[in-house]
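Trainee: Structure file run_5.pdb (PDB, C-alpha atoms) right here:
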ATOM      1  CA  MET A   1      -0.383 -73.228 -19.247
ATOM      2  CA  SER A   2       3.277 -72.198 -19.262
ATOM      3  CA  ALA A   3       5.205 -72.063 -16.018
ATOM      4  CA  ALA A   4       5.744 -68.702 -14.387
ATOM      5  CA  PRO A   5       9.170 -67.216 -15.164
ATOM      6  CA  ARG A   6      11.812 -67.544 -12.492
ATOM      7  CA  VAL A   7      12.839 -64.179 -11.102
ATOM      8  CA  ILE A   8      15.831 -63.627  -8.831
ATOM      9  CA  ALA A   9      15.865 -60.337  -6.948
ATOM     10  CA  VAL A  10      19.466 -59.183  -6.472
ATOM     11  CA  VAL A  11      19.905 -56.859  -3.496
ATOM     12  CA  VAL A  12      23.324 -55.318  -2.864
ATOM     13  CA  THR A  13      24.058 -54.162   0.664
ATOM     14  CA  TRP A  14      26.821 -52.634   2.750
ATOM     15  CA  ASN A  15      26.380 -51.716   6.413
ATOM     16  CA  ARG A  16      22.686 -50.839   6.211
ATOM     17  CA  LYS A  17      21.210 -53.750   8.108
ATOM     18  CA  ALA A  18      17.960 -52.088   9.174
ATOM     19  CA  LEU A  19      17.138 -50.887   5.650
ATOM     20  CA  LEU A  20      18.074 -54.259   4.184
ATOM     21  CA  LEU A  21      15.720 -56.078   6.531
ATOM     22  CA  GLU A  22      12.926 -53.699   5.542
ATOM     23  CA  CYS A  23      13.700 -54.289   1.854
ATOM     24  CA  LEU A  24      13.575 -58.059   2.359
ATOM     25  CA  ASP A  25      10.228 -57.730   4.094
ATOM     26  CA  CYS A  26       8.919 -55.833   1.050
ATOM     27  CA  LEU A  27      10.173 -58.618  -1.207
ATOM     28  CA  ARG A  28       8.459 -61.187   0.982
ATOM     29  CA  ARG A  29       5.149 -59.348   0.517
ATOM     30  CA  GLN A  30       5.251 -59.341  -3.301
ATOM     31  CA  THR A  31       2.163 -60.679  -5.084
ATOM     32  CA  ALA A  32       4.472 -62.255  -7.689
ATOM     33  CA  ARG A  33       7.137 -64.659  -6.490
ATOM     34  CA  ALA A  34      10.847 -63.924  -6.645
ATOM     35  CA  ASP A  35      13.822 -65.755  -5.216
ATOM     36  CA  VAL A  36      16.148 -63.422  -3.350
ATOM     37  CA  LEU A  37      19.926 -63.138  -3.489
ATOM     38  CA  VAL A  38      21.584 -60.748  -1.039
ATOM     39  CA  VAL A  39      25.063 -59.657  -2.079
ATOM     40  CA  ASP A  40      26.887 -58.370   1.003
ATOM     41  CA  ASN A  41      29.902 -56.157   0.325
ATOM     42  CA  ALA A  42      31.588 -57.380   3.536
ATOM     43  CA  SER A  43      29.361 -55.480   5.966
ATOM     44  CA  THR A  44      30.694 -55.008   9.486
ATOM     45  CA  ASP A  45      27.386 -54.109  11.173
ATOM     46  CA  GLY A  46      26.174 -57.651  11.842
ATOM     47  CA  THR A  47      24.281 -58.049   8.576
ATOM     48  CA  GLY A  48      25.315 -61.675   8.108
ATOM     49  CA  GLU A  49      24.236 -62.631  11.608
ATOM     50  CA  ALA A  50      20.895 -60.856  11.213
ATOM     51  CA  LEU A  51      20.195 -62.773   8.016
ATOM     52  CA  ARG A  52      21.232 -66.171   9.344
ATOM     53  CA  PRO A  53      17.690 -67.360  10.269
ATOM     54  CA  MET A  54      16.438 -66.524   6.755
ATOM     55  CA  ILE A  55      19.448 -68.194   5.175
ATOM     56  CA  GLU A  56      19.044 -71.372   7.219
ATOM     57  CA  ALA A  57      15.307 -71.456   6.449
ATOM     58  CA  GLY A  58      16.037 -71.239   2.747
ATOM     59  CA  GLU A  59      14.160 -67.952   2.413
ATOM     60  CA  ILE A  60      17.083 -66.125   0.807
ATOM     61  CA  ALA A  61      20.446 -66.874  -0.740
ATOM     62  CA  TYR A  62      23.387 -64.940   0.704
ATOM     63  CA  ARG A  63      26.783 -64.219  -0.793
ATOM     64  CA  ASN A  64      29.493 -62.259   0.998
ATOM     65  CA  THR A  65      31.958 -60.762  -1.478
ATOM     66  CA  GLY A  66      34.786 -60.749   1.078
ATOM     67  CA  LYS A  67      35.531 -57.060   0.525
ATOM     68  CA  ASN A  68      33.717 -53.887  -0.383
ATOM     69  CA  LEU A  69      33.404 -53.987  -4.183
ATOM     70  CA  GLY A  70      31.266 -50.858  -4.244
ATOM     71  CA  GLY A  71      27.731 -50.853  -5.546
ATOM     72  CA  ALA A  72      28.955 -51.468  -9.102
ATOM     73  CA  GLY A  73      31.072 -54.461  -8.111
ATOM     74  CA  GLY A  74      28.256 -55.844  -6.008
ATOM     75  CA  PHE A  75      25.780 -55.642  -8.877
ATOM     76  CA  GLN A  76      28.251 -57.224 -11.269
ATOM     77  CA  PHE A  77      28.743 -60.056  -8.768
ATOM     78  CA  GLY A  78      25.015 -60.494  -8.131
ATOM     79  CA  VAL A  79      23.771 -60.327 -11.720
ATOM     80  CA  LYS A  80      26.355 -62.908 -12.742
ATOM     81  CA  ALA A  81      25.379 -65.251  -9.897
ATOM     82  CA  ALA A  82      21.652 -64.889 -10.637
ATOM     83  CA  VAL A  83      21.952 -65.670 -14.337
ATOM     84  CA  GLU A  84      24.309 -68.574 -13.675
ATOM     85  CA  ALA A  85      21.678 -69.905 -11.244
ATOM     86  CA  GLY A  86      19.237 -70.220 -14.143
ATOM     87  CA  CYS A  87      16.797 -67.364 -13.689
ATOM     88  CA  ASP A  88      14.672 -65.943 -16.492
ATOM     89  CA  TYR A  89      14.812 -62.405 -15.129
ATOM     90  CA  VAL A  90      17.102 -60.517 -12.763
ATOM     91  CA  TRP A  91      15.325 -57.939 -10.621
ATOM     92  CA  ILE A  92      17.976 -55.467  -9.436
ATOM     93  CA  MET A  93      17.757 -53.129  -6.453
ATOM     94  CA  ASP A  94      19.615 -51.369  -3.653
ATOM     95  CA  ASP A  95      19.117 -52.297  -0.016
ATOM     96  CA  ASP A  96      17.143 -49.079   0.571
ATOM     97  CA  SER A  97      14.656 -49.912  -2.206
ATOM     98  CA  MET A  98      11.178 -50.728  -0.921
ATOM     99  CA  PRO A  99       9.023 -52.190  -3.722
ATOM    100  CA  THR A 100       5.298 -51.938  -3.105
ATOM    101  CA  PRO A 101       3.474 -55.302  -3.032
ATOM    102  CA  THR A 102       2.490 -55.323  -6.714
ATOM    103  CA  ALA A 103       5.757 -53.854  -8.065
ATOM    104  CA  LEU A 104       7.061 -57.114  -9.516
ATOM    105  CA  GLU A 105       3.633 -58.269 -10.716
ATOM    106  CA  ALA A 106       3.240 -55.055 -12.734
ATOM    107  CA  LEU A 107       6.649 -55.541 -14.350
ATOM    108  CA  LEU A 108       5.936 -59.169 -15.232
ATOM    109  CA  ASN A 109       2.519 -58.300 -16.651
ATOM    110  CA  ALA A 110       4.161 -55.711 -18.872
ATOM    111  CA  ALA A 111       6.878 -58.182 -19.848
ATOM    112  CA  GLY A 112       4.239 -60.629 -21.034
ATOM    113  CA  GLU A 113       2.510 -57.939 -23.086
ATOM    114  CA  ILE A 114       5.638 -56.430 -24.639
ATOM    115  CA  GLY A 115       7.535 -59.598 -25.502
ATOM    116  CA  ASP A 116      11.056 -58.670 -26.558
ATOM    117  CA  PHE A 117      12.664 -55.926 -24.463
ATOM    118  CA  GLY A 118      15.968 -54.993 -22.861
ATOM    119  CA  TRP A 119      14.763 -53.904 -19.422
ATOM    120  CA  LEU A 120      11.751 -52.608 -17.555
ATOM    121  CA  SER A 121      11.903 -50.024 -14.798
ATOM    122  CA  GLY A 122       9.202 -48.846 -12.427
ATOM    123  CA  LYS A 123       8.212 -45.488 -11.001
ATOM    124  CA  THR A 124      10.306 -44.540  -7.973
ATOM    125  CA  LEU A 125       9.055 -42.334  -5.163
ATOM    126  CA  TRP A 126      10.935 -40.817  -2.256
ATOM    127  CA  SER A 127       9.883 -41.335   1.347
ATOM    128  CA  ASP A 128       7.444 -38.401   1.265
ATOM    129  CA  GLY A 129       5.640 -39.680  -1.844
ATOM    130  CA  SER A 130       7.244 -37.272  -4.323
ATOM    131  CA  LEU A 131       9.235 -38.510  -7.312
ATOM    132  CA  CYS A 132      12.708 -39.627  -6.282
ATOM    133  CA  ARG A 133      14.968 -37.266  -8.217
ATOM    134  CA  MET A 134      17.959 -39.554  -8.495
ATOM    135  CA  ASN A 135      15.829 -42.322 -10.024
ATOM    136  CA  VAL A 136      14.004 -40.417 -12.752
ATOM    137  CA  GLN A 137      14.596 -42.333 -15.967
ATOM    138  CA  ARG A 138      15.907 -40.811 -19.200
ATOM    139  CA  ASN A 139      13.868 -40.519 -22.375
ATOM    140  CA  LEU A 140      15.196 -41.487 -25.800
ATOM    141  CA  LYS A 141      17.010 -38.138 -26.066
ATOM    142  CA  LEU A 142      18.637 -38.739 -22.647
ATOM    143  CA  GLY A 143      16.600 -36.013 -20.999
ATOM    144  CA  ASN A 144      14.592 -36.701 -17.856
ATOM    145  CA  ILE A 145      11.146 -38.245 -18.268
ATOM    146  CA  THR A 146       8.567 -35.817 -16.892
ATOM    147  CA  ASP A 147       5.230 -37.456 -17.752
ATOM    148  CA  PHE A 148       4.433 -40.812 -16.137
ATOM    149  CA  SER A 149       0.778 -40.941 -17.185
ATOM    150  CA  ALA A 150       1.159 -43.534 -19.961
ATOM    151  CA  PRO A 151       1.083 -47.247 -19.025
ATOM    152  CA  ARG A 152       4.397 -47.792 -20.809
ATOM    153  CA  ILE A 153       7.056 -45.168 -21.590
ATOM    154  CA  PRO A 154      10.031 -45.754 -23.916
ATOM    155  CA  SER A 155      13.275 -45.050 -22.102
ATOM    156  CA  ALA A 156      17.012 -45.004 -22.761
ATOM    157  CA  ALA A 157      18.435 -45.166 -19.231
ATOM    158  CA  ALA A 158      17.351 -45.973 -15.681
ATOM    159  CA  THR A 159      18.820 -46.773 -12.286
ATOM    160  CA  PHE A 160      19.313 -49.978 -10.326
ATOM    161  CA  VAL A 161      16.201 -49.393  -8.226
ATOM    162  CA  SER A 162      13.697 -52.045  -9.335
ATOM    163  CA  LEU A 163      15.151 -52.862 -12.744
ATOM    164  CA  LEU A 164      13.957 -56.062 -14.448
ATOM    165  CA  VAL A 165      16.402 -57.506 -17.007
ATOM    166  CA  PRO A 166      15.931 -60.744 -18.993
ATOM    167  CA  ALA A 167      18.741 -63.238 -18.438
ATOM    168  CA  LYS A 168      19.155 -63.661 -22.190
ATOM    169  CA  VAL A 169      19.933 -59.937 -22.481
ATOM    170  CA  VAL A 170      22.576 -60.207 -19.764
ATOM    171  CA  ARG A 171      24.199 -63.078 -21.652
ATOM    172  CA  GLU A 172      24.316 -60.964 -24.791
ATOM    173  CA  VAL A 173      25.433 -57.551 -23.526
ATOM    174  CA  GLY A 174      27.507 -58.614 -20.515
ATOM    175  CA  LEU A 175      27.504 -57.547 -16.885
ATOM    176  CA  PRO A 176      27.544 -54.169 -15.139
ATOM    177  CA  ILE A 177      31.045 -52.708 -14.992
ATOM    178  CA  GLY A 178      32.466 -53.454 -11.562
ATOM    179  CA  GLU A 179      35.399 -51.116 -12.115
ATOM    180  CA  PHE A 180      33.033 -48.151 -11.830
ATOM    181  CA  PHE A 181      32.878 -48.931  -8.054
ATOM    182  CA  ILE A 182      30.049 -46.446  -7.388
ATOM    183  CA  TRP A 183      27.839 -44.173  -9.477
ATOM    184  CA  ALA A 184      26.801 -44.270 -13.133
ATOM    185  CA  ASP A 185      27.132 -48.067 -13.358
ATOM    186  CA  ASP A 186      23.358 -48.222 -13.796
ATOM    187  CA  LEU A 187      23.366 -45.397 -16.342
ATOM    188  CA  GLU A 188      26.066 -47.171 -18.344
ATOM    189  CA  TYR A 189      24.432 -50.595 -18.149
ATOM    190  CA  THR A 190      20.898 -49.542 -19.020
ATOM    191  CA  ARG A 191      22.163 -47.399 -21.888
ATOM    192  CA  ARG A 192      24.293 -50.268 -23.173
ATOM    193  CA  ILE A 193      21.156 -52.389 -23.289
ATOM    194  CA  SER A 194      18.857 -49.721 -24.744
ATOM    195  CA  ARG A 195      21.200 -49.316 -27.709
ATOM    196  CA  LYS A 196      20.169 -52.848 -28.736
ATOM    197  CA  TYR A 197      16.665 -53.364 -27.341
ATOM    198  CA  PRO A 198      13.547 -51.313 -26.683
ATOM    199  CA  CYS A 199      13.277 -50.505 -22.974
ATOM    200  CA  PHE A 200      10.374 -49.125 -20.991
ATOM    201  CA  VAL A 201       9.254 -47.475 -17.774
ATOM    202  CA  ILE A 202       6.157 -49.110 -16.274
ATOM    203  CA  PRO A 203       4.589 -46.531 -13.896
ATOM    204  CA  ALA A 204       2.219 -49.121 -12.406
ATOM    205  CA  SER A 205       5.246 -50.705 -10.745
ATOM    206  CA  VAL A 206       6.058 -48.484  -7.772
ATOM    207  CA  THR A 207       9.066 -48.566  -5.442
ATOM    208  CA  VAL A 208       9.903 -46.238  -2.567
ATOM    209  CA  HIS A 209      13.594 -45.346  -2.400
ATOM    210  CA  LYS A 210      14.567 -44.512   1.171
ATOM    211  CA  CYS A 211      17.696 -42.562   0.318
ATOM    212  CA  ALA A 212      18.759 -39.956   2.883
ATOM    213  CA  THR A 213      17.721 -36.897   0.860
ATOM    214  CA  ASN A 214      15.814 -36.168  -2.324
ATOM    215  CA  ASN A 215      18.222 -33.700  -3.916
ATOM    216  CA  GLY A 216      20.117 -36.260  -6.016
ATOM    217  CA  GLY A 217      23.895 -36.306  -6.274
ATOM    218  CA  ASN A 218      25.056 -32.691  -6.215
ATOM    219  CA  ILE A 219      28.703 -31.931  -5.466
ATOM    220  CA  SER A 220      27.992 -28.251  -4.881
ATOM    221  CA  THR A 221      25.665 -28.880  -1.928
ATOM    222  CA  ASP A 222      26.708 -32.295  -0.634
ATOM    223  CA  GLN A 223      28.424 -32.749   2.715
ATOM    224  CA  PRO A 224      32.236 -32.284   2.795
ATOM    225  CA  GLU A 225      32.823 -35.902   3.840
ATOM    226  CA  ARG A 226      31.133 -37.092   0.642
ATOM    227  CA  ILE A 227      33.109 -34.994  -1.841
ATOM    228  CA  ASP A 228      35.629 -37.720  -2.671
ATOM    229  CA  ARG A 229      32.834 -40.036  -3.786
ATOM    230  CA  TYR A 230      32.275 -37.755  -6.772
ATOM    231  CA  ARG A 231      35.632 -38.763  -8.231
ATOM    232  CA  CYS A 232      33.950 -41.944  -9.433
ATOM    233  CA  ALA A 233      30.826 -40.097 -10.579
ATOM    234  CA  TYR A 234      32.557 -37.651 -12.914
ATOM    235  CA  ARG A 235      35.062 -40.186 -14.246
ATOM    236  CA  ASN A 236      32.362 -42.767 -14.971
ATOM    237  CA  GLU A 237      29.949 -40.335 -16.574
ATOM    238  CA  VAL A 238      32.618 -39.122 -18.993
ATOM    239  CA  TYR A 239      32.986 -42.735 -20.135
ATOM    240  CA  VAL A 240      29.222 -43.047 -20.581
ATOM    241  CA  TYR A 241      28.663 -39.793 -22.432
ATOM    242  CA  ARG A 242      31.633 -40.059 -24.752
ATOM    243  CA  ARG A 243      30.033 -43.234 -26.120
ATOM    244  CA  GLU A 244      27.168 -41.047 -27.335
ATOM    245  CA  GLY A 245      29.418 -39.277 -29.817
ATOM    246  CA  TRP A 246      29.083 -35.550 -30.379
ATOM    247  CA  PRO A 247      25.780 -35.154 -28.434
ATOM    248  CA  GLY A 248      27.431 -36.691 -25.368
ATOM    249  CA  ILE A 249      30.608 -34.638 -25.745
ATOM    250  CA  ARG A 250      28.540 -31.462 -26.125
ATOM    251  CA  ARG A 251      26.681 -32.362 -22.950
ATOM    252  CA  LEU A 252      29.974 -32.740 -21.071
ATOM    253  CA  LEU A 253      31.346 -29.467 -22.453
ATOM    254  CA  LEU A 254      28.252 -27.642 -21.217
ATOM    255  CA  ARG A 255      27.959 -29.498 -17.923
ATOM    256  CA  THR A 256      31.500 -29.046 -16.621
ATOM    257  CA  PRO A 257      31.497 -25.217 -16.442
ATOM    258  CA  LEU A 258      27.909 -25.282 -15.161
ATOM    259  CA  HIS A 259      28.867 -27.520 -12.245
ATOM    260  CA  ILE A 260      31.876 -25.356 -11.441
ATOM    261  CA  PHE A 261      29.624 -22.284 -11.472
ATOM    262  CA  ARG A 262      27.233 -24.016  -9.066
ATOM    263  CA  VAL A 263      30.116 -24.756  -6.708
ATOM    264  CA  LEU A 264      31.242 -21.128  -6.799
ATOM    265  CA  THR A 265      27.742 -19.798  -6.127
ATOM    266  CA  LYS A 266      26.153 -22.435  -3.891
ATOM    267  CA  SER A 267      28.822 -24.308  -1.952
ATOM    268  CA  LYS A 268      29.297 -23.291   1.660
ATOM    269  CA  GLY A 269      32.788 -24.722   2.039
ATOM    270  CA  GLN A 270      35.716 -26.486   0.371
ATOM    271  CA  LYS A 271      34.992 -24.915  -2.996
ATOM    272  CA  GLY A 272      38.549 -25.515  -4.181
ATOM    273  CA  LYS A 273      38.400 -29.225  -3.455
ATOM    274  CA  ARG A 274      35.020 -29.579  -5.130
ATOM    275  CA  ILE A 275      36.298 -27.902  -8.287
ATOM    276  CA  ARG A 276      39.469 -30.010  -8.309
ATOM    277  CA  VAL A 277      37.358 -33.156  -8.083
ATOM    278  CA  ILE A 278      35.184 -32.034 -11.014
ATOM    279  CA  LEU A 279      38.120 -31.120 -13.251
ATOM    280  CA  GLY A 280      40.485 -33.906 -12.238
ATOM    281  CA  SER A 281      37.902 -36.664 -12.499
ATOM    282  CA  THR A 282      36.587 -35.353 -15.801
ATOM    283  CA  ILE A 283      40.114 -35.483 -17.210
ATOM    284  CA  ASN A 284      40.597 -38.990 -15.784
ATOM    285  CA  GLY A 285      37.413 -40.066 -17.520
ATOM    286  CA  ILE A 286      38.834 -39.217 -20.939
ATOM    287  CA  GLY A 287      41.314 -42.075 -20.700
ATOM    288  CA  PHE A 288      39.155 -44.415 -18.617
ATOM    289  CA  ARG A 289      38.672 -47.710 -20.440
ATOM    290  CA  PRO A 290      37.085 -50.289 -18.140
ATOM    291  CA  LYS A 291      36.512 -53.839 -19.304
ATOM    292  CA  ILE A 292      33.130 -55.480 -19.659
ATOM    293  CA  GLU A 293      32.817 -58.983 -18.244
ATOM    294  CA  TYR A 294      30.680 -61.609 -19.948
ATOM    295  CA  LEU A 295      29.247 -64.899 -18.764
ATOM    296  CA  ASN A 296      31.284 -66.990 -21.181
ATOM    297  CA  ASP A 297      34.861 -67.251 -22.318
ATOM    298  CA  ASP A 298      34.421 -65.371 -25.581
ATOM    299  CA  PRO A 299      36.051 -61.931 -25.390
ATOM    300  CA  LYS A 300      33.860 -59.196 -26.822
ATOM    301  CA  PRO A 301      34.559 -55.501 -27.369
ATOM    302  CA  SER A 302      32.913 -52.878 -25.232
ATOM    303  CA  PRO A 303      30.076 -50.938 -26.906
ATOM    304  CA  SER A 304      32.390 -48.052 -27.745
ATOM    305  CA  GLY A 305      35.034 -50.328 -29.202
ATOM    306  CA  GLU A 306      37.314 -49.414 -26.306
ATOM    307  CA  GLY A 307      38.955 -51.923 -24.034
ATOM    308  CA  GLY A 308      37.696 -55.480 -24.178
ATOM    309  CA  ALA A 309      36.019 -58.136 -22.144
ATOM    310  CA  ALA A 310      37.543 -59.540 -19.046
ATOM    311  CA  GLN A 311      37.377 -63.274 -18.598
ATOM    312  CA  PRO A 312      34.684 -64.371 -16.113
TER     313      PRO A 312
END
Re-express the file's structure as structure tokens.

Mentor:
Amino acid sequence: MSAAPRVIAVVVTWNRKALLLECLDCLRRQTARADVLVVDNASTDGTGEALRPMIEAGEIAYRNTGKNLGGAGGFQFGVKAAVEAGCDYVWIMDDDSMPTPTALEALLNAAGEIGDFGWLSGKTLWSDGSLCRMNVQRNLKLGNITDFSAPRIPSAAATFVSLLVPAKVVREVGLPIGEFFIWADDLEYTRRISRKYPCFVIPASVTVHKCATNNGGNISTDQPERIDRYRCAYRNEVYVYRREGWPGIRRLLLRTPLHIFRVLTKSKGQKGKRIRVILGSTINGIGFRPKIEYLNDDPKPSPSGEGGAAQP
């Protein structure tokens, strides 16, 4: 009988101690074993101190990045560390991801049945049991998946909420792009992989995402203090969609005026700033050429042929 694959769950956190502790408790309750690596983006809420008993007991590994690298930088850091530690699979998630007890077991069962794949993603619910809108995966035409009744659903893109990636795939395609800082790093990474490998949603693997709301990222209705965060979102998504060629460019050409229209008709304040963020960040995205980091010293081009690979 072959040994069970080694899985390292990578959890990125920043100043959400209570949610992180709940996430770690969910990982502890898994029916399939996973080692746990917490990547702390220099939290200031006492996260390190709260985790100290688990660290000293050897229950988790803990790495403090020394500064806030954003979610994207944290995932780049954590995926690299996990693969270098010798895992077979990296299981990626946010600190507000609460995998149900059989979430990992369902992914590993599917992995054994499928064989060669790029990633597996589970079904994500919001706190009230409805589908979590920001975590709905994309089908092969990059539209949202709407039917989760099949045991295995081909997919082109997913989020970093319960994403299982083979270490060998990471070594081939590189790491998430840390330069994204926040937003669309998961869209870019999963799409980079799905261009080379078949990827699937496994609805039997269920995770609850305890994000604050279930309306997804929407600049027209989001709170004023969060508007600046969308600078990364629009810039990064332009990079992702321009890699798709004309279909991606067409999507951007249709989306930009639609989002401006939504701001004009739905926003309750700071409409001018919201529109400036959409337009300015979209323009910035046209010339955005981040580098992809690999786990070896061999420079490789990015999937679009733009930029290059940073040295690890």

Trainee: What does the distance between atom CA of A:Gly58 and atom CA of A:Ala9 come to in Å, to one decimal place?

Mentor: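 Atom CA of A:Ala9 lies at a distance of 14.6 Å from atom CA of A:Gly58.
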
Trainee: Counting all atoms listed in the file, what is within 7 Å of stretch 73-80 of chain A, bar same-chain residues fewer than 6 positions away, as a PDB file with C-alpha atoms, in the coordinates of the input?

Mentor:
ATOM      1  CA  VAL A  10      19.466 -59.183  -6.472  1.00  0.00           C
ATOM      2  CA  VAL A  12      23.324 -55.318  -2.864  1.00  0.00           C
ATOM      3  CA  VAL A  39      25.063 -59.657  -2.079  1.00  0.00           C
ATOM      4  CA  ASN A  41      29.902 -56.157   0.325  1.00  0.00           C
ATOM      5  CA  VAL A  90      17.102 -60.517 -12.763  1.00  0.00           C
ATOM      6  CA  LEU A 175      27.504 -57.547 -16.885  1.00  0.00           C
ATOM      7  CA  PRO A 176      27.544 -54.169 -15.139  1.00  0.00           C
ATOM      8  CA  ILE A 177      31.045 -52.708 -14.992  1.00  0.00           C
ATOM      9  CA  GLY A 178      32.466 -53.454 -11.562  1.00  0.00           C
ATOM     10  CA  GLU A 179      35.399 -51.116 -12.115  1.00  0.00           C
ATOM     11  CA  PHE A 181      32.878 -48.931  -8.054  1.00  0.00           C
ATOM     12  CA  LEU A 295      29.247 -64.899 -18.764  1.00  0.00           C
TER      13      LEU A 295
END

Trainee: Enumerate, as a ChimeraX atom specification, the residues matched when the PyMOL selection byres ((chain A and resi 272) around 12) is run on the file above.

Mentor: /A:219-220,224,227,260-261,263-264,267-271,273-280

Trainee: Which is closer to A:Thr100 than all the others in A:Leu253, A:Leu140, A:Ile145, A:Cys26, using all atoms listed in the file?

Mentor: A:Cys26

Trainee: Stretch 194-199 of chain A: which residues within 10 Å, counting only C-alpha atoms, same-chain residues fewer than 3 positions away excluded, as a VMD selection string?

Mentor: chain A and resid 114 116 to 121 140 152 to 158 165 169 172 to 173 188 to 191 202 303
